[in-house]
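Structure record follows, encoded as structure tokens.
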Amino acid sequence: MDKLWNKSFITISISNFLMFFSFYALLPVLPLYIFENLKGGHTISGVILALYTIGALFCRPFAGYLVDNFSRKKLYFLTYLIFSFMFLGYLVSFTLVIIAFIRFFHGVSFGIVTTSSNTLAVDVLPSSRRGEGIGYFGVATNIAFALGPMSGMLIFEAYHFNAVFISSFITGLVGLILVYFLKVPRKPIKNCNNCPLSLDRFFLTKATPQFFNMMLVGFAYGPITNYLALYAKELNITQGVGFFYALLSLGLVTSRLLTGRFIDRGYLNTLISLGLLLLAFSYAGFSFINSASLFFTLAFFIGFGHGLVGPSFQTMVINMAPHSKRGTASSTFLSSWDLGIGSGILLGGFLAKHIKYSGVYLIGSIGVLLAFIFFVVFVSSHYNRNKIET
């Protein structure tokens with residue numbers, strides 16, 4: 001059996017964990033910084049926070065092109081460097097305009113560095129264990145999601161805002177050092193300087209059905225990330241709401257640890273189908289919650305469902321691209337996720353005014369159910385016709 005845990009894969013997994021840890025440590029603190037230090041209102045704060053996602057989404061197609069046409073390690077190192085130093089920008093964000101500027105370009109660097117890291121992770125994995133490796137690679141992100149916000153809040157409560165920004169910067173620098181020593185195989189990159197300009201250089205058009213499938217999944221997940229506390233308040237759940245994310249992360253990690261091996265054994269379509277059904281029912285149940293115990297129980301199942309669907313769809317998209325377009329494939333997958341989450345956040349806030357947050361989660365459930373039907377009827381067979389063995 002091909003070796004999965006080679007030195008390069010371990011290095012890039014740890015560097016990816018440190019990058020996401022530094023990012024997640026900022027999540028619970030930054031809204032407080034905008035409210036307390038910059039006196040930003042709810043509307044302007046929401047816009048500034050969303051600029052990160054907008055910046056990442058804006059550059060995703062170009063990120064895939066860059067990854068496919070330039071040295072992947074050099075691009076990863078450069079954008080990781082920019083991403084890390086952007087944390088120092090928050091130290092001098094004395095106005096709303098400055099922090100909006102910092103937030104947008106931090107998102108741009110994030111969009112490129114994550115596309116690079118995902119592509120490099122696939123490059124250093126043996127093709128026979130790609131699904132398993134992608135699952136483990138995602139575990140690093142999930143652990144960062146579980147530990148980062150908690151660590152950020154602890155640092156903030158002890159030392160205030162600037163300590164969080166500096167800690168994230170230092171964490172990023174440690175990850176950057178690991179990237180410097182990362183060894184990646186030298187593989188030929190297709191030179192398309194004289195190729196005609198086409199959409200397929202920026203977007204993996206063969207994966208369009210998968211793109212829309214993941215958008216629907218991301219749309220349901222978006223309100224979980226931003227409106228959970230408000231929904232808990234709507235349900236009169238006032239204690240331990242943050243524990244929801246710990247259980248969500250536990251579900252993600254548990255399923256990712258199990259999913260990869262089944263992907264590599266040929267159960268890719270089955271895993272996605274089961275994951276979509278589990279998410280549809282979990283979100284439906286989440287919209288009709290009548291107890292705190294069910295609220296926290298469903299956190300685990302929502303996480304477990306996403307742990308089945310996420311790495312499976314990522315493997316599917318990667319398997320439809322030749323090596324020369326792996327960066328484009330990664331950016332296509334990540335763009336679908338970003339666009340789905342972003343639209344779920346934006347529309348979720350508007351819809352909640354009319355149908356409450358319970359209605360928003362019910363709509364998310366219907367969206368995932370439609371994704372399941374679309375997958376079974378068309379997407380699965382489309383993949384089987386277009387996959388490339390690399």
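Residue numbering restarts at 1 for every chain of the structure tokens, chains are lettered A, B, ... in their displayed order, and ligands are numbered from 1 as they appear.
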
Query raised in the report: So which residues touch Ala352 in chain A within 10 Å, counting only C-alpha atoms, skipping near sequence neighbours fewer than 4 positions away, as a PyMOL selection string?
Result: chain A and resi 223+227+231+347-348+356-361

Report task. Show which residues sit within 10 Å of range 96-103 of chain A, as a PyMOL selection string. Count only C-alpha atoms, and ignore same-chain residues fewer than 2 positions away. Result -> chain A and resi 34+37-40+44-45+47-55+86-94+105-108

Contacts between range 324-342 of chain A and range 205-233 of chain A, please, where a residue of range 205-233 of chain A counts if it comes within 9 Å (with only C-alpha atoms); show its shortest atom pair and distance in Å to one decimal, rows by chain and ascending number, as a tab-separated table.
```
residue	atom	partner	partner_atom	distance
A:Thr205	CA	A:Thr332	CA	8.8
A:Ala207	CA	A:Thr332	CA	7.8
A:Thr208	CA	A:Thr332	CA	8.6
A:Gln210	CA	A:Phe333	CA	8.0
A:Phe211	CA	A:Ser336	CA	5.2
A:Phe212	CA	A:Ser336	CA	6.9
A:Asn213	CA	A:Ser336	CA	8.3
A:Met214	CA	A:Ser336	CA	5.8
A:Met215	CA	A:Gly340	CA	4.1
A:Leu216	CA	A:Gly340	CA	6.1
A:Val217	CA	A:Gly340	CA	6.9
A:Gly218	CA	A:Gly340	CA	4.1
A:Phe219	CA	A:Gly340	CA	4.3
A:Ala220	CA	A:Ile341	CA	7.4
A:Tyr221	CA	A:Ile341	CA	6.2
A:Gly222	CA	A:Ile341	CA	4.1
A:Pro223	CA	A:Ile341	CA	7.7
A:Thr225	CA	A:Ile341	CA	8.6
```

Store the residues picked out above in a file with C-alpha atoms, as an mmCIF file, in the first residue's frame.
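And here's part_7.cif as it stands now:
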```
data_model
loop_
_atom_site.group_PDB
_atom_site.id
_atom_site.type_symbol
_atom_site.label_atom_id
_atom_site.label_comp_id
_atom_site.auth_asym_id
_atom_site.auth_seq_id
_atom_site.Cartn_x
_atom_site.Cartn_y
_atom_site.Cartn_z
ATOM 1 C CA THR A 205 -16.416 23.635 -16.552
ATOM 2 C CA ALA A 207 -17.474 20.232 -12.667
ATOM 3 C CA THR A 208 -20.349 22.712 -13.103
ATOM 4 C CA GLN A 210 -20.806 19.596 -8.683
ATOM 5 C CA PHE A 211 -20.381 23.357 -8.289
ATOM 6 C CA PHE A 212 -24.144 23.928 -8.036
ATOM 7 C CA ASN A 213 -24.566 20.917 -5.756
ATOM 8 C CA MET A 214 -22.028 22.291 -3.271
ATOM 9 C CA MET A 215 -23.549 25.777 -3.495
ATOM 10 C CA LEU A 216 -26.828 24.393 -2.156
ATOM 11 C CA VAL A 217 -24.997 22.643 0.677
ATOM 12 C CA GLY A 218 -23.055 25.813 1.514
ATOM 13 C CA PHE A 219 -26.258 27.874 1.465
ATOM 14 C CA ALA A 220 -27.646 25.755 4.297
ATOM 15 C CA TYR A 221 -24.377 25.932 6.249
ATOM 16 C CA GLY A 222 -23.969 29.727 6.043
ATOM 17 C CA PRO A 223 -26.661 30.586 8.630
ATOM 18 C CA THR A 225 -21.832 30.001 11.034
#
```

Report task. From a DSSP calculation on the backbone, collect every residue of range 1-123 of chain A in helix (DSSP H, G or I) and output the set as a PyMOL selection string. Result -> chain A and resi 7-26+30-36+42-69+72-92+96-123

Selection to disk with C-alpha atoms, as a short mmCIF file (atom, residue, chain, number, x, y, z; two decimals), in the first residue's frame:
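The result, stored in selection-v1.cif:
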```cif
data_model
loop_
_atom_site.label_atom_id
_atom_site.label_comp_id
_atom_site.auth_asym_id
_atom_site.auth_seq_id
_atom_site.Cartn_x
_atom_site.Cartn_y
_atom_site.Cartn_z
CA LYS A 7 7.01 14.00 5.37
CA SER A 8 5.58 16.46 2.83
CA PHE A 9 1.96 15.61 3.67
CA ILE A 10 2.60 15.96 7.41
CA THR A 11 4.32 19.32 6.87
CA ILE A 12 1.59 20.82 4.72
CA SER A 13 -1.14 19.50 7.05
CA ILE A 14 0.48 21.20 10.07
CA SER A 15 1.07 24.45 8.16
CA ASN A 16 -2.57 24.38 7.03
CA PHE A 17 -3.70 23.85 10.63
CA LEU A 18 -1.64 26.84 11.83
CA MET A 19 -3.01 29.05 9.07
CA PHE A 20 -6.62 28.24 9.90
CA PHE A 21 -5.96 28.42 13.64
CA SER A 22 -4.67 32.00 13.27
CA PHE A 23 -7.73 32.85 11.16
CA TYR A 24 -10.30 31.27 13.48
CA ALA A 25 -8.76 32.87 16.59
CA LEU A 26 -9.83 36.20 15.12
CA LEU A 30 -13.08 40.99 15.45
CA PRO A 31 -16.81 41.86 15.74
CA LEU A 32 -16.13 43.09 19.29
CA TYR A 33 -13.20 45.16 18.03
CA ILE A 34 -15.40 46.82 15.39
CA PHE A 35 -18.18 47.53 17.89
CA GLU A 36 -16.08 48.67 20.85
CA HIS A 42 -24.66 46.29 13.04
CA THR A 43 -25.00 46.99 9.32
CA ILE A 44 -21.50 48.33 8.70
CA SER A 45 -19.99 45.62 10.91
CA GLY A 46 -21.72 42.93 8.88
CA VAL A 47 -20.41 44.43 5.65
CA ILE A 48 -16.83 44.64 6.96
CA LEU A 49 -16.90 41.05 8.21
CA ALA A 50 -18.32 39.86 4.87
CA LEU A 51 -15.52 41.58 2.94
CA TYR A 52 -13.23 38.69 3.89
CA THR A 53 -15.44 36.19 2.09
CA ILE A 54 -15.98 38.61 -0.80
CA GLY A 55 -12.21 39.04 -1.18
CA ALA A 56 -11.64 35.27 -1.15
CA LEU A 57 -14.44 34.65 -3.64
CA PHE A 58 -13.24 37.48 -5.89
CA CYS A 59 -9.81 35.90 -6.39
CA ARG A 60 -10.70 32.19 -6.46
CA PRO A 61 -10.85 31.76 -10.28
CA PHE A 62 -7.58 33.68 -10.71
CA ALA A 63 -6.04 31.68 -7.85
CA GLY A 64 -6.63 28.45 -9.72
CA TYR A 65 -5.02 29.91 -12.84
CA LEU A 66 -1.98 31.09 -10.86
CA VAL A 67 -1.56 27.72 -9.13
CA ASP A 68 -1.67 25.90 -12.47
CA ASN A 69 0.73 28.23 -14.30
CA ARG A 72 2.93 26.05 -6.57
CA LYS A 73 5.28 26.06 -3.59
CA LYS A 74 6.57 29.59 -4.32
CA LEU A 75 3.02 30.88 -4.72
CA TYR A 76 1.99 29.14 -1.50
CA PHE A 77 4.92 30.63 0.40
CA LEU A 78 4.36 34.16 -0.94
CA THR A 79 0.62 34.23 -0.24
CA TYR A 80 1.11 32.59 3.18
CA LEU A 81 3.60 35.40 3.95
CA ILE A 82 1.11 38.09 2.90
CA PHE A 83 -1.71 36.35 4.79
CA SER A 84 0.36 36.26 8.00
CA PHE A 85 1.50 39.89 7.82
CA MET A 86 -2.07 41.08 7.22
CA PHE A 87 -2.76 40.33 10.91
CA LEU A 88 -0.45 43.23 11.78
CA GLY A 89 -2.73 45.45 9.72
CA TYR A 90 -5.43 45.12 12.35
CA LEU A 91 -3.07 46.77 14.85
CA VAL A 92 -3.22 50.01 12.83
CA LEU A 96 -13.67 51.66 9.62
CA VAL A 97 -12.25 52.44 6.17
CA ILE A 98 -8.83 51.03 7.06
CA ILE A 99 -10.19 47.83 8.58
CA ALA A 100 -12.48 47.35 5.59
CA PHE A 101 -9.44 47.62 3.32
CA ILE A 102 -7.45 45.18 5.48
CA ARG A 103 -10.36 42.76 5.67
CA PHE A 104 -10.85 42.61 1.90
CA PHE A 105 -7.20 42.03 1.04
CA HIS A 106 -6.82 39.55 3.88
CA GLY A 107 -9.62 37.62 2.18
CA VAL A 108 -7.83 37.85 -1.17
CA SER A 109 -4.64 36.36 0.31
CA PHE A 110 -6.74 33.68 2.04
CA GLY A 111 -8.41 32.75 -1.25
CA ILE A 112 -5.07 32.17 -2.98
CA VAL A 113 -3.23 30.51 -0.08
CA THR A 114 -6.04 27.99 0.54
CA THR A 115 -6.25 27.12 -3.16
CA SER A 116 -2.47 26.59 -3.16
CA SER A 117 -2.48 24.46 -0.02
CA ASN A 118 -5.32 22.22 -1.20
CA THR A 119 -3.62 21.68 -4.55
CA LEU A 120 -0.21 20.94 -3.01
CA ALA A 121 -1.80 18.50 -0.57
CA VAL A 122 -3.21 16.55 -3.51
CA ASP A 123 0.18 16.70 -5.28
#
```

Query raised in the report: Near Ser380 in chain A, counting only C-alpha atoms, which residues have an atom at most 10 Å away, once you skip same-chain residues fewer than 5 positions from it, shown as a VMD selection string?
Result: chain A and resid 209 to 210 268 to 270 272 to 273 316 374 to 375 385

Just write the chosen residues, C-alpha atoms, as an mmCIF file, in the first residue's frame.
```cif
data_model
loop_
_atom_site.group_PDB
_atom_site.id
_atom_site.type_symbol
_atom_site.label_atom_id
_atom_site.label_comp_id
_atom_site.auth_asym_id
_atom_site.auth_seq_id
_atom_site.Cartn_x
_atom_site.Cartn_y
_atom_site.Cartn_z
ATOM 1 C CA PRO A 209 -22.971 20.225 -11.768
ATOM 2 C CA GLN A 210 -20.806 19.596 -8.683
ATOM 3 C CA LEU A 268 -17.701 8.063 -3.459
ATOM 4 C CA ASN A 269 -21.248 8.406 -4.844
ATOM 5 C CA THR A 270 -22.730 6.449 -1.954
ATOM 6 C CA ILE A 272 -22.317 11.847 -0.960
ATOM 7 C CA SER A 273 -25.858 10.475 -1.210
ATOM 8 C CA MET A 316 -14.800 14.173 -7.116
ATOM 9 C CA PHE A 374 -30.016 16.535 -8.473
ATOM 10 C CA PHE A 375 -27.046 14.410 -7.446
ATOM 11 C CA ARG A 385 -18.520 9.773 -17.467
#
```
